[in-house]
Amino acid sequence: MSTRYPLAELNDLPDDLRQKILEVQDKAGFVPNVFLALARRPAEWRAFFAYHDALMMPETVGRSSNLTKGDREMIVTATSAANECLYCVVAHGALLRIYEKKPLVADQVATNYRKADISPRQRAMLDFAMKVCLRSHEVDEADFTALHAHGFDDEDIWDIAAITAFFGLSNRMASFSGMMPNPEFYLMGRVPKSK
């Protein structure tokens with residue numbers, strides 16, 4: 001971790017942040033570094049995670065979506081790789097492996113999604129996400145037509161673009177601040193859990 005921007009101390013945080021972070025710790029078994037790295041500015045933390053949750057867990061805001069949890073993590077992993085964000089590739093790659101139940105998929109998607117073991121629908125989704133990530137000014141009607149052919153509607157396309165854009169922010173914050181992935185992320189979803 002960066003010595004310039006050290007992780008916040010859990011006991012020094014406002015009650016609402018501490019409670020949310022402890023809930024994450026109870027579920028994951030550890031506190032992902034992003035929670036403590038961004039907690040140095042509580043108002044920004046609240047805004048960041050409110051938008052994160054609305055995009056990545058739309059059911060929490062009463063919205064349905066045709067994108068699966070795996071689709072969402074796939075978008076994050078591919079675009080974070082394009083943005084060279086170590087933290088997000090490792091952390092969201094772990095979630096991608098878990099949601100897709102494929103131990104190799106995150107490495108494939110991060111390295112070259114065009115050769116990854118994913119569906120044609122997911123490949124079209126990532127083609128669009130990468131265009132939004134790298135050349136959003138070139139998005140045109142043909143991009144919508146291509147996604148519609150794979151069953152995505154305009155709200156799904158908004159989701160793909162919004163996830164890509166949000167994690168563009170996240171990637172840059174993680175990279176400039178020296179945020180490092182927790183060691184736990186590296187092994188998650190790679191080997192079956194022992195019973």
# chains A, B, ... in the order shown; residues from 1 in each chain; ligands from 1
$ residues_around --residues "Ile118 in chain A" --least-positions-apart "6" --cutoff "10 Å" --atoms "only C-alpha atoms" --output "number ranges by chain"
A: 74, 100, 102, 105, 108-109
$ residues_around --residues "range 180-183 of chain A" --least-positions-apart "5" --cutoff "7 Å" --atoms "only C-alpha atoms" --output "list in words"
Met1, Pro32, Asn33, Tyr87, Val90 and Ala91 of chain A
$ write_last_selection --atoms "N, CA and C atoms" --output "PDB file, in the first residue's frame"
ATOM      1  N   MET A   1       0.845  -1.185   0.000  1.00  0.00           N
ATOM      2  CA  MET A   1       0.000   0.000   0.000  1.00  0.00           C
ATOM      3  C   MET A   1       0.883   1.238   0.000  1.00  0.00           C
ATOM      4  N   PRO A  32     -11.602  -5.980   2.052  1.00  0.00           N
ATOM      5  CA  PRO A  32     -10.911  -5.565   0.835  1.00  0.00           C
ATOM      6  C   PRO A  32     -10.308  -4.162   1.010  1.00  0.00           C
ATOM      7  N   ASN A  33      -9.088  -4.014   0.560  1.00  0.00           N
ATOM      8  CA  ASN A  33      -8.361  -2.757   0.771  1.00  0.00           C
ATOM      9  C   ASN A  33      -9.082  -1.525   0.243  1.00  0.00           C
ATOM     10  N   TYR A  87      -5.250  -3.613  -8.914  1.00  0.00           N
ATOM     11  CA  TYR A  87      -6.223  -3.902  -7.861  1.00  0.00           C
ATOM     12  C   TYR A  87      -7.527  -4.452  -8.442  1.00  0.00           C
ATOM     13  N   VAL A  90      -7.365  -7.982 -10.212  1.00  0.00           N
ATOM     14  CA  VAL A  90      -7.226  -9.093  -9.260  1.00  0.00           C
ATOM     15  C   VAL A  90      -8.505  -9.270  -8.440  1.00  0.00           C
ATOM     16  N   ALA A  91      -9.026  -8.183  -7.882  1.00  0.00           N
ATOM     17  CA  ALA A  91     -10.201  -8.281  -7.017  1.00  0.00           C
ATOM     18  C   ALA A  91     -11.448  -8.701  -7.790  1.00  0.00           C
TER      19      ALA A  91
END
$ closest_atom_pairs --of "range 11-113 of chain A" --to "range 158-174 of chain A" --cutoff "8 Å" --atoms "only C-alpha atoms" --output "tab-separated table"
residue	atom	partner	partner_atom	distance
A:Val34	CA	A:Ala174	CA	7.7
A:His52	CA	A:Phe166	CA	7.7
A:Leu55	CA	A:Ile163	CA	6.4
A:Met56	CA	A:Ile163	CA	7.7
A:Arg72	CA	A:Ile163	CA	7.4
A:Ile75	CA	A:Thr164	CA	6.7
A:Val76	CA	A:Phe167	CA	6.5
A:Thr79	CA	A:Thr164	CA	6.6
A:Ser80	CA	A:Asn171	CA	6.3
A:Asn83	CA	A:Asn171	CA	6.8
A:Glu84	CA	A:Asn171	CA	7.9
A:Cys85	CA	A:Asn171	CA	5.3
A:Tyr87	CA	A:Ala174	CA	6.6
A:Cys88	CA	A:Asn171	CA	6.6
$ residues_around --residues "Leu134 in chain A" --least-positions-apart "2" --cutoff "9 Å" --atoms "only C-alpha atoms" --output "list in words"
Thr79, Ala82, Asn83, Ala129, Met130, Lys131, Val132, Ser136 and His137 of chain A
$ select_by_dssp --residues "range 77-177 of chain A" --states "alpha helix (DSSP H)" --output "short mmCIF file (atom, residue, chain, number, x, y, z; two decimals) with C-alpha atoms, in the first residue's frame"
data_model
loop_
_atom_site.label_atom_id
_atom_site.label_comp_id
_atom_site.auth_asym_id
_atom_site.auth_seq_id
_atom_site.Cartn_x
_atom_site.Cartn_y
_atom_site.Cartn_z
CA THR A 77 -12.13 -7.27 -15.29
CA ALA A 78 -11.72 -6.63 -19.03
CA THR A 79 -11.85 -2.85 -18.84
CA SER A 80 -9.67 -2.71 -15.73
CA ALA A 81 -7.06 -4.72 -17.62
CA ALA A 82 -7.23 -2.20 -20.46
CA LEU A 86 -3.82 -4.23 -10.80
CA TYR A 87 -6.22 -3.90 -7.86
CA CYS A 88 -9.42 -4.14 -9.91
CA VAL A 89 -8.20 -6.91 -12.22
CA VAL A 90 -7.23 -9.09 -9.26
CA ALA A 91 -10.20 -8.28 -7.02
CA HIS A 92 -12.92 -8.38 -9.67
CA GLY A 93 -11.25 -11.26 -11.44
CA ALA A 94 -11.72 -13.25 -8.22
CA LEU A 95 -15.43 -12.40 -8.18
CA LEU A 96 -15.70 -13.26 -11.89
CA ARG A 97 -14.23 -16.72 -11.29
CA ILE A 98 -16.70 -17.30 -8.46
CA TYR A 99 -19.81 -16.07 -10.27
CA GLU A 100 -19.02 -17.83 -13.55
CA VAL A 105 -11.98 -17.19 -17.10
CA ALA A 106 -10.64 -14.11 -15.29
CA ASP A 107 -7.08 -14.62 -16.53
CA GLN A 108 -8.40 -15.16 -20.04
CA VAL A 109 -10.65 -12.09 -19.97
CA ALA A 110 -7.93 -9.88 -18.50
CA THR A 111 -5.35 -11.02 -21.05
CA ASN A 112 -7.45 -11.28 -24.23
CA PRO A 120 -20.78 -14.81 -28.15
CA ARG A 121 -23.22 -12.63 -26.15
CA GLN A 122 -20.53 -11.88 -23.57
CA ARG A 123 -17.97 -11.21 -26.30
CA ALA A 124 -20.31 -8.64 -27.89
CA MET A 125 -20.85 -7.10 -24.44
CA LEU A 126 -17.10 -6.79 -23.91
CA ASP A 127 -16.54 -5.43 -27.43
CA PHE A 128 -18.87 -2.58 -26.51
CA ALA A 129 -17.44 -2.13 -23.01
CA MET A 130 -13.93 -1.86 -24.46
CA LYS A 131 -15.12 0.71 -26.99
CA VAL A 132 -16.67 2.77 -24.20
CA CYS A 133 -13.46 2.33 -22.17
CA LEU A 134 -11.03 3.33 -24.92
CA ARG A 135 -12.99 5.20 -27.61
CA GLU A 141 -25.91 3.31 -33.79
CA ALA A 142 -24.12 0.25 -35.18
CA ASP A 143 -22.94 -0.56 -31.65
CA PHE A 144 -26.53 -0.59 -30.39
CA THR A 145 -27.64 -2.74 -33.33
CA ALA A 146 -24.90 -5.29 -32.62
CA LEU A 147 -25.90 -5.54 -28.96
CA HIS A 148 -29.62 -5.74 -29.76
CA ASP A 154 -31.14 -0.14 -24.28
CA GLU A 155 -31.17 -0.32 -20.47
CA ASP A 156 -28.70 -3.22 -20.56
CA ILE A 157 -26.48 -1.14 -22.84
CA TRP A 158 -26.67 1.75 -20.36
CA ASP A 159 -25.57 -0.69 -17.63
CA ILE A 160 -22.57 -1.86 -19.68
CA ALA A 161 -21.49 1.72 -20.34
CA ALA A 162 -22.11 2.91 -16.77
CA ILE A 163 -20.16 0.01 -15.24
CA THR A 164 -17.30 0.69 -17.65
CA ALA A 165 -17.28 4.42 -16.88
CA PHE A 166 -17.58 3.98 -13.11
CA PHE A 167 -14.70 1.54 -13.00
CA GLY A 168 -12.65 3.90 -15.15
CA LEU A 169 -12.85 6.22 -12.13
CA SER A 170 -12.15 3.37 -9.72
CA ASN A 171 -9.17 2.15 -11.79
CA ARG A 172 -7.58 5.56 -11.76
CA MET A 173 -8.09 6.07 -8.03
CA ALA A 174 -6.64 2.64 -7.25
CA SER A 175 -3.66 3.10 -9.55
CA PHE A 176 -2.59 6.60 -8.56
CA SER A 177 -2.97 5.88 -4.84
#
$ residues_around --residues "Asp15 in chain A" --least-positions-apart "5" --cutoff "12 Å" --atoms "only C-alpha atoms" --output "number ranges by chain"
A: 10, 20-22, 39, 42
$ write_last_selection --atoms "N, CA and C atoms" --output "CSV table (one decimal), in the first residue's frame"
chain,number,residue,atom,x,y,z
A,10,LEU,N,-10.0,1.2,10.9
A,10,LEU,CA,-11.4,0.9,11.1
A,10,LEU,C,-12.0,1.6,12.3
A,20,LYS,N,-20.7,-0.9,7.7
A,20,LYS,CA,-20.7,-1.5,6.4
A,20,LYS,C,-19.5,-2.3,6.1
A,21,ILE,N,-18.3,-1.8,6.5
A,21,ILE,CA,-17.1,-2.5,6.4
A,21,ILE,C,-17.1,-3.8,7.2
A,22,LEU,N,-17.6,-3.8,8.4
A,22,LEU,CA,-17.7,-5.0,9.2
A,22,LEU,C,-18.6,-6.0,8.5
A,39,ALA,N,-11.9,5.2,2.5
A,39,ALA,CA,-12.6,5.7,3.8
A,39,ALA,C,-11.9,6.9,4.4
A,42,PRO,N,-14.8,10.2,4.1
A,42,PRO,CA,-16.1,9.5,4.3
A,42,PRO,C,-17.2,9.9,3.3
